[in-house]
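Read the structure below first, then the notes.
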Amino acid sequence: MALYVGGTVNFGDNVEASPEEGDIWYNDGKFCFGTSLSFGGAWSSGGNVSTARMLLAGAGTQSAGLCMGGDDFHQLLEKDTEEYNGTSWSTGGDLGYARSGLAGCGTQSAGLCMGEDPYEVGHTEEYDGSVWTSGGNLGSSRAGLAGCGTQTAGLCMGGGDWIEEPTNVTEEYDGSVWSTGGNIGTALIYLGGCGTQSAGLCMGGRDDGQDYTAATQEYDGSAWSTGGSLITAREGVAGAGTQSAGLCMGGLGSAVPGFIGNLVEEYNGTSWSSQDNLVTARFLCTGAGTQSAGLCISGVDNTFSPTNSTEEYSALSSHEELFTASSGV
């Protein structure tokens, strides 16, 4: 007798590496059935960055990450680029312009960074895995913005001017020039972002009333719409993942114990849920990777000092053992 559950059936004495709900597989003398596979995750310490900094940008994946720019909390702007191999960081090619408050997206071998200290123009640079070259400038110079997408299809949103007045400006990059996209519904600075140019997500930040916000907004390639609010309002968060599987890490907020928080939330496309906290509380950090394999990099810790800590997020999964091979069906 065969049992069909709408998933896949896997035979052979091996573990199903990435089972989905409804899958059946055989392992170690037992048949297993995939139930709700994702129920949060756990953080572990990764390799430290060489230069502790805040207001830096990140890109890439957990096993091929990238971080660049920032400052050391003493107004010393950084050109440093570092590359992560899943274990340790190594030195990459310097940015052409030392700056902080920038945003990043793309991959380790095809990275993009934009924005900066708003006393300067809105520099954009492209990374080929070893060298940064100048791209088209942003139409609106700003710092404390968020970014997502790829080097040839980038998205940036929010940020602020030299007096930290938030903006709702969104711009889209085609690999050469930036063009104006749909404004975010709420002007925000020090927000987080993830996703793609046609399916972007931004969360948290500080609004034009100087209040921490729990706002989440979703982009469809032309306009923003309201998503489910964060559980805890905060600014200086890091984002990773996609619009339907987002990750929000750290942040500063009045409702966060100690003000600088280690809170982590996951987004399912509709609502946020609380997950295991970061080991090191931080804000003005950056993120990379996915919801199930995220990176949280550097930032300011709860002593108000830059940290060189990197943390790795690994999603947990579960399954239910149906029966042993000896018991039959």
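Just remember, in the structure tokens the first chain shown is A, the second B, etc., residues are 1-based per chain, and ligands are 1-based in the order shown.
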
Dump as a Markdown table the rows for residues of region 274-322 of chain A within 12 Å of region 78-99 of chain A: closest atom pair and distance in Å with one decimal, only C-alpha atoms counted, ordered by chain and rising residue number.
```
| residue | atom | partner | partner_atom | distance |
| --- | --- | --- | --- | --- |
| A:Ala288 | CA | A:Tyr84 | CA | 10.6 |
| A:Gly289 | CA | A:Gly86 | CA | 11.0 |
| A:Ala293 | CA | A:Gly86 | CA | 10.6 |
| A:Gly294 | CA | A:Gly86 | CA | 10.8 |
| A:Leu295 | CA | A:Gly86 | CA | 9.6 |
| A:Cys296 | CA | A:Tyr84 | CA | 11.9 |
| A:Ile297 | CA | A:Tyr84 | CA | 10.5 |
| A:Ser298 | CA | A:Glu82 | CA | 11.7 |
| A:Asn308 | CA | A:Trp89 | CA | 10.7 |
| A:Ser309 | CA | A:Trp89 | CA | 11.1 |
| A:Thr310 | CA | A:Ser88 | CA | 9.4 |
| A:Glu311 | CA | A:Gly86 | CA | 10.5 |
| A:Glu312 | CA | A:Gly86 | CA | 8.8 |
| A:Tyr313 | CA | A:Gly86 | CA | 11.5 |
```

Region 160-245 of chain A near region 55-58 of chain A within 10 Å: what's each residue's closest atom pair and its distance in Å to one decimal, counting only C-alpha atoms, ordered by chain then ascending residue number, as a Markdown table?
```
| residue | atom | partner | partner_atom | distance |
| --- | --- | --- | --- | --- |
| A:Tyr190 | CA | A:Leu55 | CA | 8.9 |
| A:Gly236 | CA | A:Leu55 | CA | 8.4 |
| A:Ala238 | CA | A:Gly58 | CA | 9.2 |
| A:Gly239 | CA | A:Gly58 | CA | 9.6 |
| A:Ala240 | CA | A:Gly58 | CA | 9.5 |
```

Could those residues be written to a file, using N, CA and C atoms, as a CSV table (one decimal), in the first residue's frame?
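Full text of part_11.csv as output:
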```csv
chain,number,residue,atom,x,y,z
A,190,TYR,N,18.2,55.0,9.2
A,190,TYR,CA,18.7,53.9,10.0
A,190,TYR,C,17.7,52.7,10.1
A,236,GLY,N,18.5,51.3,13.6
A,236,GLY,CA,19.9,50.8,13.5
A,236,GLY,C,19.9,49.3,13.4
A,238,ALA,N,19.8,45.5,11.3
A,238,ALA,CA,20.3,44.9,10.1
A,238,ALA,C,19.3,43.9,9.5
A,239,GLY,N,19.2,43.9,8.2
A,239,GLY,CA,18.3,43.0,7.5
A,239,GLY,C,19.0,42.0,6.7
A,240,ALA,N,18.3,40.8,6.4
A,240,ALA,CA,18.8,39.8,5.5
A,240,ALA,C,17.6,39.0,5.0
```

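Proximity to Cys105 (chain A) at 7 Å, evaluated using only C-alpha atoms and with sequence-adjacent residues fewer than 2 positions away removed, yields Gly58, Ala59, Thr107, Gly111, Leu112, Cys113, Gly147, Cys148, Gly149, Thr150 and Gln151 of chain A.
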
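Restricting the calculation to only C-alpha atoms, the smallest distance between Gly159 (chain A) and any of A:Leu102, A:Val177, A:Ala199, A:Ala42 is found for A:Leu102.
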
(request) Pick out the residues sitting within 8 Å of Gly299 (chain A), and hand them over as number ranges by chain; count only C-alpha atoms, and ignore anything fewer than 5 positions along from it in its own chain. (result) A: 52-56, 282-286, 306-308

(request) Name all residues at most 8 Å from Gly122 (chain A) (count only C-alpha atoms; drop same-chain ones fewer than 2 positions away) and give them as a PyMOL selection string. (result) chain A and resi 114-116+118+120+124+137-142

(message) Restricting the calculation to only C-alpha atoms: of A:Ser292, A:Met249, A:Gly241, A:Gly287, which residue gets closest to Gly65 (chain A)?
(response) A:Gly287

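Atom pair CA of Ala153 (chain A) / CA of Ala233 (chain A) has a distance of 29.3 Å (rounded to one decimal).
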
(request) Check the smallest atom-to-atom distance from each of A:Gly209, A:His74, A:Trp272, A:Thr290 to Ser305 (chain A) using only C-alpha atoms, then report the winner. (result) A:His74

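Across the model, the gap from CA of Ser314 (chain A) to CA of Gln243 (chain A) is 18.6 Å.
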
(message) Report, in Å with one decimal, the straight-line distance from CA of Gly250 (chain A) to CA of Trp162 (chain A).
(response) 24.2 Å

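Each of A:Gly144, A:Gly253, A:Gly246, A:Gly181 was compared to Gly70 (chain A) using only C-alpha atoms, and A:Gly144 turns out to be the nearest.
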
(message) Residues near Ile189 (chain A), anyone? I mean within 6 Å using only C-alpha atoms, not counting same-chain ones fewer than 4 positions away, as a ChimeraX atom specification.
(response) /A:144,158-160,166,205-206
